[in-house]
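Structure file data.txt (compact mmCIF, C-alpha atoms) follows.
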```
# COMPACT_ATOMS: atom_id res chain seq x y z
CA MET A 1127 8.85 9.65 -12.77
CA VAL A 1128 8.01 6.53 -10.77
CA HIS A 1129 7.87 3.41 -12.93
CA LEU A 1130 5.17 1.14 -11.49
CA TYR A 1131 2.75 -1.40 -12.94
CA GLY A 1132 3.95 -0.81 -16.48
CA LYS A 1133 3.40 2.95 -16.27
CA SER A 1134 5.49 6.05 -15.64
CA LEU A 1135 3.72 8.12 -13.01
CA SER A 1136 4.30 11.62 -11.71
CA ARG A 1137 4.06 12.38 -8.01
CA ALA A 1138 0.57 13.81 -8.49
CA GLU A 1139 -0.58 10.86 -10.60
CA LEU A 1140 0.62 8.36 -8.02
CA ALA A 1141 -1.04 10.34 -5.21
CA ALA A 1142 -4.34 10.29 -7.11
CA LEU A 1143 -4.36 6.50 -7.17
CA SER A 1144 -4.43 5.98 -3.39
CA GLY A 1145 -4.59 7.78 -0.08
CA ASN A 1146 -1.02 6.75 0.77
CA VAL A 1147 2.03 5.94 -1.32
CA SER A 1148 2.61 2.89 0.91
CA HIS A 1149 0.04 0.98 -1.13
CA ALA A 1150 2.83 0.66 -3.70
CA ALA A 1151 6.16 1.25 -1.98
CA GLY A 1152 7.57 2.39 1.33
CA VAL A 1153 9.62 1.80 4.46
CA ARG A 1154 8.03 0.51 7.66
CA LEU A 1155 9.52 0.19 11.15
CA MET A 1156 8.56 -2.96 13.06
CA GLN A 1157 9.87 -5.31 15.73
CA LEU A 1158 10.37 -9.06 15.68
CA GLU A 1159 8.58 -10.74 18.58
CA ASP A 1160 9.30 -14.46 18.78
CA GLY A 1161 12.09 -16.90 19.50
CA LEU A 1162 15.73 -15.85 19.28
CA GLU A 1163 14.75 -12.86 17.10
CA ARG A 1164 12.57 -11.34 19.82
CA GLY A 1165 13.16 -7.63 20.34
CA ILE A 1166 15.07 -6.87 17.13
CA ARG A 1167 13.98 -3.63 15.46
CA MET A 1168 13.58 -4.01 11.73
CA LEU A 1169 12.85 -1.84 8.69
CA GLU A 1170 10.91 -3.36 5.80
CA PHE A 1171 11.51 -1.86 2.34
CA ARG A 1172 9.18 -2.44 -0.63
CA SER A 1173 10.24 -0.82 -3.90
CA GLY A 1174 7.01 -1.49 -5.82
CA THR A 1175 8.57 -3.87 -8.35
CA GLY A 1176 8.09 -6.95 -6.20
CA LEU A 1177 11.41 -6.37 -4.43
CA ARG A 1178 11.18 -6.57 -0.67
CA PHE A 1179 14.04 -6.54 1.81
CA THR A 1180 14.50 -6.01 5.53
CA VAL A 1181 17.15 -4.15 7.51
CA LEU A 1182 17.99 -5.29 11.05
CA ILE A 1183 18.60 -2.08 12.99
CA ASP A 1184 19.89 -3.99 16.00
CA ARG A 1185 22.36 -5.98 13.93
CA ALA A 1186 24.44 -3.18 12.39
CA MET A 1187 21.65 -2.27 9.95
CA ASP A 1188 22.52 -5.31 7.86
CA ILE A 1189 20.13 -6.63 5.20
CA ALA A 1190 18.42 -9.81 6.37
CA ASP A 1191 15.55 -11.01 4.15
CA CYS A 1192 15.52 -10.22 0.45
CA GLU A 1193 13.00 -11.51 -2.08
CA TYR A 1194 11.81 -10.61 -5.54
CA ARG A 1195 8.25 -11.44 -6.55
CA GLY A 1196 8.11 -14.18 -3.93
CA GLN A 1197 11.46 -15.72 -4.92
CA GLY A 1198 14.17 -15.72 -2.28
CA ILE A 1199 17.44 -13.89 -2.93
CA GLY A 1200 19.11 -13.69 0.48
CA TRP A 1201 20.31 -16.65 2.51
CA GLN A 1202 18.83 -17.78 5.80
CA SER A 1203 20.84 -20.20 7.92
CA PRO A 1204 19.66 -22.43 10.78
CA ALA A 1205 21.15 -19.85 13.19
CA GLY A 1206 18.40 -17.37 12.29
CA PHE A 1207 18.39 -13.65 13.00
CA ARG A 1208 19.63 -13.98 16.55
CA HIS A 1209 19.19 -11.06 18.92
CA PRO A 1210 22.58 -9.42 19.60
CA ALA A 1211 22.10 -9.75 23.37
CA LEU A 1212 22.41 -13.53 22.89
CA HIS A 1213 25.66 -13.25 20.96
CA GLU A 1214 28.92 -14.37 22.59
CA TYR A 1215 31.69 -12.66 20.65
CA GLU A 1216 34.52 -14.58 22.26
CA GLY A 1217 32.65 -17.87 22.51
CA GLU A 1218 33.78 -21.19 21.05
CA GLY A 1219 37.37 -20.10 20.58
CA GLY A 1220 36.36 -17.14 18.46
CA LEU A 1221 33.86 -19.02 16.29
CA GLY A 1222 30.77 -17.69 18.11
CA PHE A 1223 30.09 -15.72 14.91
CA MET A 1224 28.65 -18.92 13.44
CA ARG A 1225 25.71 -18.83 15.87
CA SER A 1226 24.58 -15.44 14.55
CA PHE A 1227 25.56 -16.00 10.90
CA SER A 1228 22.47 -15.53 8.74
CA GLY A 1229 21.05 -13.08 6.23
CA MET A 1230 21.78 -11.62 2.83
CA MET A 1231 24.47 -9.34 4.20
CA ILE A 1232 26.67 -9.43 7.28
CA THR A 1233 29.10 -6.59 7.88
CA CYS A 1234 32.55 -7.66 9.08
CA GLY A 1235 34.96 -5.28 10.85
CA LEU A 1236 35.54 -2.58 11.92
CA ASP A 1237 39.10 -3.27 13.12
CA HIS A 1238 39.31 -6.96 12.19
CA ILE A 1239 38.05 -9.40 9.56
CA LEU A 1240 38.74 -13.05 8.69
CA PHE A 1241 39.93 -15.70 11.14
CA MET A 1242 40.92 -15.29 14.76
CA ASN A 1243 44.06 -13.30 15.57
CA ASP A 1244 45.85 -11.81 18.55
CA THR A 1245 47.28 -8.41 17.64
CA GLU A 1246 49.46 -5.95 19.52
CA THR A 1247 47.79 -2.85 20.97
CA SER A 1248 50.63 -0.41 21.60
CA SER A 1249 48.71 2.39 19.86
CA TYR A 1250 46.22 2.40 22.78
CA PHE A 1251 48.86 3.14 25.47
CA TYR A 1252 47.43 0.83 28.13
CA GLY A 1253 49.89 -1.58 29.74
CA PRO A 1254 47.44 -4.21 31.05
CA ARG A 1255 46.11 -4.70 27.52
CA GLU A 1256 49.14 -5.91 25.61
CA LYS A 1257 47.10 -7.57 22.90
CA ALA A 1258 43.64 -7.67 21.38
CA SER A 1259 42.06 -11.07 20.81
CA HIS A 1260 39.89 -10.94 17.70
CA SER A 1261 37.18 -13.45 16.90
CA LEU A 1262 36.02 -14.46 13.43
CA HIS A 1263 35.11 -11.43 11.29
CA GLY A 1264 35.13 -8.86 14.08
CA ARG A 1265 32.53 -7.28 16.34
CA VAL A 1266 30.45 -4.89 14.29
CA GLY A 1267 27.83 -7.27 12.85
CA THR A 1268 26.07 -7.77 16.18
CA ILE A 1269 26.17 -4.18 17.46
CA PRO A 1270 22.80 -2.34 17.47
CA ALA A 1271 22.62 0.86 15.44
CA ARG A 1272 21.27 4.22 16.52
CA LEU A 1273 18.56 4.85 13.92
CA THR A 1274 18.89 8.49 12.84
CA GLY A 1275 16.14 8.51 10.22
CA TYR A 1276 14.09 6.59 7.67
CA GLY A 1277 11.15 7.09 5.35
CA GLU A 1278 10.08 8.16 1.88
CA ARG A 1279 11.40 11.33 0.24
CA TRP A 1280 10.27 12.93 -3.00
CA ASP A 1281 12.91 14.39 -5.30
CA GLY A 1282 10.76 15.98 -7.98
CA ASP A 1283 8.85 13.04 -9.42
CA ARG A 1284 11.30 10.46 -8.08
CA LEU A 1285 10.42 8.66 -4.83
CA ILE A 1286 13.42 7.65 -2.70
CA LEU A 1287 13.06 5.10 0.12
CA TRP A 1288 15.84 5.49 2.67
CA ALA A 1289 17.23 4.77 6.12
CA GLU A 1290 20.26 6.00 8.03
CA GLY A 1291 21.96 4.99 11.24
CA VAL A 1292 25.21 4.94 13.20
CA VAL A 1293 26.88 1.85 14.65
CA THR A 1294 29.52 2.52 17.33
CA GLN A 1295 32.29 0.06 18.13
CA ALA A 1296 34.22 1.41 21.11
CA ALA A 1297 36.12 0.56 24.29
CA VAL A 1298 37.93 2.46 27.00
CA PHE A 1299 41.66 2.25 26.17
CA GLY A 1300 40.70 0.91 22.76
CA GLU A 1301 39.15 1.72 19.43
CA HIS A 1302 36.34 4.24 18.92
CA LEU A 1303 35.07 3.64 15.40
CA GLU A 1304 31.71 4.63 13.93
CA LEU A 1305 29.95 3.11 10.95
CA HIS A 1306 27.64 5.68 9.35
CA ARG A 1307 25.29 3.73 7.08
CA ARG A 1308 22.74 4.86 4.51
CA ILE A 1309 20.53 2.43 2.57
CA GLU A 1310 18.27 3.68 -0.20
CA ILE A 1311 16.33 2.52 -3.22
CA GLU A 1312 14.32 4.45 -5.74
CA ALA A 1313 10.70 3.30 -5.97
CA GLY A 1314 10.07 1.39 -9.16
CA THR A 1315 13.65 0.08 -9.39
CA ASN A 1316 15.62 -3.01 -8.34
CA ASP A 1317 18.88 -1.38 -7.23
CA ILE A 1318 19.63 -1.16 -3.50
CA ARG A 1319 22.30 1.46 -2.80
CA LEU A 1320 24.47 1.13 0.28
CA THR A 1321 26.74 3.98 1.38
CA ASP A 1322 29.01 3.42 4.37
CA ARG A 1323 31.50 5.71 6.09
CA VAL A 1324 33.80 4.35 8.78
CA VAL A 1325 35.10 7.18 10.97
CA ASN A 1326 37.68 7.20 13.75
CA ALA A 1327 35.82 9.21 16.40
CA GLY A 1328 38.52 8.50 18.97
CA PHE A 1329 41.98 9.91 19.51
CA TYR A 1330 44.10 6.76 19.23
CA ARG A 1331 45.67 5.66 15.95
CA THR A 1332 43.36 2.76 15.10
CA PRO A 1333 43.48 -0.13 12.60
CA HIS A 1334 40.59 -0.59 10.19
CA MET A 1335 39.52 -3.64 8.18
CA PHE A 1336 36.18 -4.06 6.41
CA CYS A 1337 34.31 -6.72 4.47
CA TYR A 1338 30.75 -7.52 3.39
CA HIS A 1339 29.70 -11.18 3.65
CA ILE A 1340 26.94 -11.08 0.99
CA ASN A 1341 25.08 -14.39 0.88
CA VAL A 1342 22.79 -15.65 -1.87
CA GLY A 1343 20.49 -18.58 -1.20
CA HIS A 1344 17.93 -20.76 -2.97
CA PRO A 1345 16.31 -20.46 -5.49
CA VAL A 1346 18.87 -18.18 -7.18
CA LEU A 1347 21.41 -20.69 -5.92
CA GLU A 1348 20.66 -24.14 -7.25
CA GLU A 1349 22.39 -26.78 -9.34
CA GLY A 1350 23.67 -25.11 -12.49
CA ALA A 1351 23.70 -21.54 -11.14
CA ARG A 1352 26.68 -19.58 -12.47
CA TYR A 1353 29.16 -17.25 -10.77
CA LEU A 1354 30.09 -14.35 -13.06
CA ALA A 1355 32.99 -12.00 -12.32
CA PRO A 1356 35.72 -10.01 -14.16
CA ILE A 1357 38.50 -12.25 -12.84
CA ARG A 1358 41.97 -11.54 -14.16
CA ASP A 1359 43.75 -13.84 -11.70
CA VAL A 1360 42.74 -16.56 -9.23
CA VAL A 1361 45.01 -15.63 -6.35
CA ASN A 1362 44.27 -18.17 -3.65
CA VAL A 1363 42.26 -21.34 -3.08
CA ALA A 1364 41.89 -22.22 0.60
CA HIS A 1365 41.16 -25.85 -0.27
CA ALA A 1366 43.91 -26.20 -2.90
CA GLU A 1367 45.22 -29.48 -1.46
CA THR A 1368 41.83 -31.09 -2.14
CA TYR A 1369 40.85 -28.83 -5.05
CA GLU A 1370 38.70 -31.27 -7.05
CA LYS A 1371 37.73 -33.67 -4.27
CA GLN A 1372 34.20 -32.30 -3.80
CA GLY A 1373 33.53 -31.93 -7.52
CA VAL A 1374 32.65 -28.24 -7.41
CA GLY A 1375 34.73 -25.59 -9.13
CA TYR A 1376 34.42 -21.83 -8.87
CA ARG A 1377 32.09 -21.23 -11.85
CA THR A 1378 29.14 -23.62 -11.72
CA LEU A 1379 27.33 -24.52 -8.52
CA SER A 1380 26.10 -27.93 -7.50
CA ALA A 1381 22.99 -29.13 -5.70
CA PRO A 1382 23.23 -29.35 -1.89
CA GLN A 1383 25.68 -32.01 -0.72
CA MET A 1384 26.19 -34.05 2.40
CA ASN A 1385 29.35 -33.47 4.44
CA PHE A 1386 30.47 -30.54 2.30
CA HIS A 1387 33.46 -28.54 3.52
CA GLU A 1388 33.35 -24.83 2.72
CA GLN A 1389 35.40 -23.66 -0.26
CA VAL A 1390 36.93 -20.19 -0.51
CA TRP A 1391 38.70 -18.42 -3.35
CA GLN A 1392 40.34 -15.02 -3.56
CA HIS A 1393 40.03 -13.53 -7.03
CA GLU A 1394 41.89 -10.52 -8.39
CA MET A 1395 39.17 -8.55 -10.15
CA ALA A 1396 39.50 -6.08 -13.00
CA ALA A 1397 37.45 -2.87 -12.93
CA ASP A 1398 35.69 -0.91 -15.64
CA ASP A 1399 36.63 2.62 -16.70
CA ASN A 1400 34.74 4.02 -13.70
CA GLY A 1401 36.54 1.75 -11.24
CA SER A 1402 33.49 -0.46 -10.73
CA VAL A 1403 33.60 -4.23 -10.19
CA PRO A 1404 30.35 -6.14 -10.89
CA VAL A 1405 29.99 -9.73 -9.60
CA ALA A 1406 26.86 -11.85 -10.04
CA LEU A 1407 25.20 -15.16 -9.34
CA VAL A 1408 22.68 -16.06 -12.04
CA ASN A 1409 20.10 -18.78 -12.49
CA ASP A 1410 19.40 -19.31 -16.19
CA ARG A 1411 16.57 -21.76 -15.56
CA LEU A 1412 14.59 -19.20 -13.56
CA GLY A 1413 15.79 -16.15 -15.46
CA LEU A 1414 16.80 -14.58 -12.15
CA GLY A 1415 20.07 -13.24 -10.81
CA PHE A 1416 21.70 -11.02 -8.22
CA MET A 1417 24.63 -8.65 -8.85
CA VAL A 1418 26.90 -6.77 -6.46
CA THR A 1419 28.82 -3.75 -7.77
CA THR A 1420 31.67 -2.30 -5.72
CA LYS A 1421 34.54 0.14 -6.24
CA LYS A 1422 38.00 -1.32 -6.80
CA ASP A 1423 39.75 1.45 -4.89
CA GLN A 1424 37.48 0.87 -1.88
CA PHE A 1425 37.46 -2.93 -1.93
CA PRO A 1426 40.64 -4.06 -3.71
CA CYS A 1427 40.09 -7.73 -2.75
CA GLN A 1428 37.24 -10.16 -3.43
CA TYR A 1429 36.48 -13.60 -2.04
CA GLU A 1430 34.05 -16.27 -3.24
CA TRP A 1431 32.59 -18.48 -0.51
CA GLN A 1432 30.77 -21.74 -1.18
CA ASN A 1433 28.81 -23.48 1.55
CA LEU A 1434 26.92 -26.15 -0.35
CA GLN A 1435 26.17 -28.25 2.71
CA ALA A 1436 22.60 -29.54 2.75
CA GLY A 1437 20.50 -27.39 5.07
CA GLN A 1438 23.01 -24.49 4.96
CA TYR A 1439 23.15 -23.94 1.20
CA ALA A 1440 24.75 -20.57 0.28
CA LEU A 1441 27.08 -18.74 -2.09
CA GLY A 1442 28.99 -15.76 -0.70
CA ILE A 1443 30.23 -12.69 -2.59
CA GLU A 1444 32.75 -10.96 -0.31
CA PRO A 1445 34.32 -7.61 -1.22
CA SER A 1446 37.13 -6.82 1.21
CA THR A 1447 39.66 -4.15 2.07
CA HIS A 1448 42.36 -6.78 2.64
CA HIS A 1449 43.79 -10.02 1.31
CA VAL A 1450 42.57 -13.30 2.75
CA LEU A 1451 45.94 -13.58 4.53
CA GLY A 1452 44.47 -11.87 7.61
CA ASN A 1453 45.11 -9.18 10.21
CA ASN A 1454 48.72 -9.82 11.17
CA ALA A 1455 49.75 -10.32 7.55
CA ALA A 1456 48.20 -6.96 6.67
CA ARG A 1457 50.36 -5.34 9.34
CA GLU A 1458 53.51 -7.16 8.25
CA ARG A 1459 52.96 -6.25 4.59
CA GLY A 1460 52.32 -2.57 5.40
CA GLU A 1461 48.73 -2.87 4.12
CA MET A 1462 46.76 -2.20 7.30
CA ILE A 1463 44.51 0.86 7.12
CA TRP A 1464 45.39 3.19 10.01
CA LEU A 1465 42.92 5.91 10.94
CA GLU A 1466 43.85 8.96 12.97
CA HIS A 1467 41.23 11.07 14.75
CA GLY A 1468 38.63 12.25 12.23
CA ASP A 1469 39.93 10.07 9.39
CA GLU A 1470 37.31 8.15 7.48
CA ARG A 1471 36.88 5.60 4.69
CA ARG A 1472 33.88 5.50 2.36
CA TYR A 1473 32.31 2.47 0.66
CA ASP A 1474 29.71 2.68 -2.13
CA THR A 1475 27.96 -0.54 -3.14
CA VAL A 1476 24.94 -1.44 -5.28
CA PHE A 1477 22.90 -4.65 -4.96
CA SER A 1478 20.91 -5.29 -8.16
CA ILE A 1479 18.20 -7.80 -8.93
CA LEU A 1480 18.52 -9.24 -12.44
CA PRO A 1481 14.82 -9.94 -13.05
CA ASP A 1482 14.87 -11.79 -16.36
CA ALA A 1483 16.99 -13.45 -19.05
CA ASP A 1484 17.65 -10.15 -20.82
CA ALA A 1485 19.03 -8.61 -17.63
CA ILE A 1486 21.27 -11.65 -17.10
CA THR A 1487 22.56 -11.41 -20.67
CA ALA A 1488 23.29 -7.70 -20.24
CA ALA A 1489 25.10 -8.26 -16.92
CA GLU A 1490 27.19 -11.07 -18.38
CA ALA A 1491 28.16 -8.89 -21.36
CA GLU A 1492 29.09 -6.03 -18.98
CA ILE A 1493 31.31 -8.33 -16.94
CA ARG A 1494 32.97 -9.96 -19.98
CA ALA A 1495 33.75 -6.53 -21.41
CA ILE A 1496 35.87 -5.84 -18.32
CA ALA A 1497 37.66 -9.20 -18.19
CA VAL A 1498 36.98 -12.75 -19.36
CA GLN A 1499 36.98 -15.07 -16.37
CA PRO A 1500 38.86 -18.40 -16.47
CA GLU A 1501 37.01 -20.96 -18.56
CA THR A 1502 38.12 -23.91 -16.47
CA ASP A 1503 36.35 -24.79 -13.24
CA TYR A 1504 39.62 -25.38 -11.34
CA PRO A 1505 42.09 -22.66 -12.35
CA ALA A 1506 45.49 -22.96 -10.71
CA PRO A 1507 45.97 -20.30 -8.00
CA SER A 1508 48.82 -17.92 -8.69
CA GLY A 1509 49.65 -17.09 -5.07
CA ASN A 1510 50.26 -13.53 -6.29
CA PHE A 1511 48.91 -11.29 -3.55
CA ARG A 1512 49.45 -7.92 -5.18
CA PRO A 1513 50.63 -5.14 -2.89
CA ILE A 1514 47.81 -2.84 -1.83
CA GLU A 1515 49.16 0.65 -2.36
CA GLY A 1516 48.57 3.85 -0.45
CA ARG A 1517 48.51 2.51 3.11
CA GLY A 1518 50.76 3.36 6.01
CA ALA A 1519 53.04 0.81 7.63
```
Output the file's structure as structure tokens, nothing else.
Amino acid sequence: MVHLYGKSLSRAELAALSGNVSHAAGVRLMQLEDGLERGIRMLEFRSGTGLRFTVLIDRAMDIADCEYRGQGIGWQSPAGFRHPALHEYEGEGGLGFMRSFSGMMITCGLDHILFMNDTETSSYFYGPREKASHSLHGRVGTIPARLTGYGERWDGDRLILWAEGVVTQAAVFGEHLELHRRIEIEAGTNDIRLTDRVVNAGFYRTPHMFCYHINVGHPVLEEGARYLAPIRDVVNVAHAETYEKQGVGYRTLSAPQMNFHEQVWQHEMAADDNGSVPVALVNDRLGLGFMVTTKKDQFPCQYEWQNLQAGQYALGIEPSTHHVLGNNAARERGEMIWLEHGDERRYDTVFSILPDADAITAAEAEIRAIAVQPETDYPAPSGNFRPIEGRGA
């Protein structure tokens, strides 16, 4: 049954109410036509609950806008949704990423995440290319996808809104990795389901790193908003030398500030009996929240990113395949993921709107049942980067 407008409706009952199901929910293909966004293909999803979000086909099928009943969920930066043809991957010493950094979700990878690194490339057997120079968070986020399908599909009396595509990151004498992405939501619900497979389509042994930069903006983020997570250890604080200088700890967010320097934590998360890790940002004043649920065996690491600078105000939830230590450290520690031809890694993630106070209470209870997070705003980092098992040296 489709749950809409306070009713449970069968397929036939919903069809009787209008000439097209799109009056209530659907997926629409469109194109942005002005400014630096001009030419980007976009899918608009409406689930029928008041949840609307957009998927930028030409930017790795990442989620850009997200709103619930007119209230913003996803972050929009001054950089905007810049067309990938304008992007300069190697610009500004590897920080060109910042000029395309906007939206609720940015995919980072596929062979590099985190800060700039030069890495050896002996696995590609090409003498003139002794090293690869990686820019911030890798290449994939500004590569256009090949859209393989989208639309509405009935499964009995359940209506599924979906889209699929393939993003190819490849070079001659280099990596040939494919991101196979599926995004779906059931009409009448508030849970966006993201399924990714990263496949080595090439014949070189290839490194793989992966991260989602999931960004929540105003009004969910405002003074007093709370970060909820099943934290069993605070592993690393990038700003530890000035930990309390800006007056913002990891739990409770402040209003926008002037001259704010980003703050980043790595938390060691506990998982529930199914291996799931839920993390949320909640606004008790509005009775509105946003939760990200990942799998611990897929994303063993989690970062929290705070950018509370006025005019750029955001909170980032970042599930990652690797520690914040970076690319070369992953190699040195024997934690790099190496993919042979045909090897793949799968990632299953759910983005959930918490639409009211009861949903926030339930989410908080779910998280606390897994682990009780530190009750101080400035917990001392342990520096204990646990070995990530099951990866080749």
Q | d(atom CA of Ser1226 of chain A, atom CA of His1387 of chain A) in Å | A | 19.3 Å
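When only C-alpha atoms are used to measure the gap to Asn1362 of chain A, the shortest distance among A:Lys1422, A:Arg1323, A:Arg1512, A:His1334 belongs to A:Arg1512.
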Q: Write out as number ranges by chain the residues lying within 12 Å of Asp1160 of chain A, counting only C-alpha atoms and excluding same-chain residues fewer than 6 positions away.
A: A: 1166, 1206-1209
Q. In Å to one decimal, how far is atom CA of Ile1309 of chain A from atom CA of Ala1396 of chain A?
A. 26.0 Å
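Take the candidates A:Leu1414, A:Val1403, A:Cys1427, A:Leu1434 and check each one against Trp1391 of chain A using all atoms listed in the file; the shortest distance goes to A:Cys1427.
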Give me the residues within 7 Å of Met1168 of chain A as a PDB file with C-alpha atoms, in the frame of the given file, counting only C-alpha atoms and dropping any in the same chain fewer than 2 places off.
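Result file is out.pdb:
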```pdb
ATOM      1  CA  LEU A1155       9.520   0.190  11.150  1.00  0.00           C
ATOM      2  CA  MET A1156       8.560  -2.960  13.060  1.00  0.00           C
ATOM      3  CA  GLN A1157       9.870  -5.310  15.730  1.00  0.00           C
ATOM      4  CA  ILE A1166      15.070  -6.870  17.130  1.00  0.00           C
ATOM      5  CA  GLU A1170      10.910  -3.360   5.800  1.00  0.00           C
ATOM      6  CA  THR A1180      14.500  -6.010   5.530  1.00  0.00           C
ATOM      7  CA  VAL A1181      17.150  -4.150   7.510  1.00  0.00           C
ATOM      8  CA  LEU A1182      17.990  -5.290  11.050  1.00  0.00           C
ATOM      9  CA  ILE A1183      18.600  -2.080  12.990  1.00  0.00           C
TER      10      ILE A1183
END
```
Q: List the residues sitting within 10 Å of (13.3, -7.4, -13.2) in the file's frame, using only C-alpha atoms, as an MDAnalysis selection string.
A: chainID A and resid 1175:1177 1194:1195 1315:1316 1413:1415 1478:1486
**Q.** Residue contacts of Val1390 of chain A (7 Å, only C-alpha atoms) excluding same-chain residues fewer than 4 positions away, as an MDAnalysis selection string
**A.** chainID A and resid 1363:1364 1429:1432
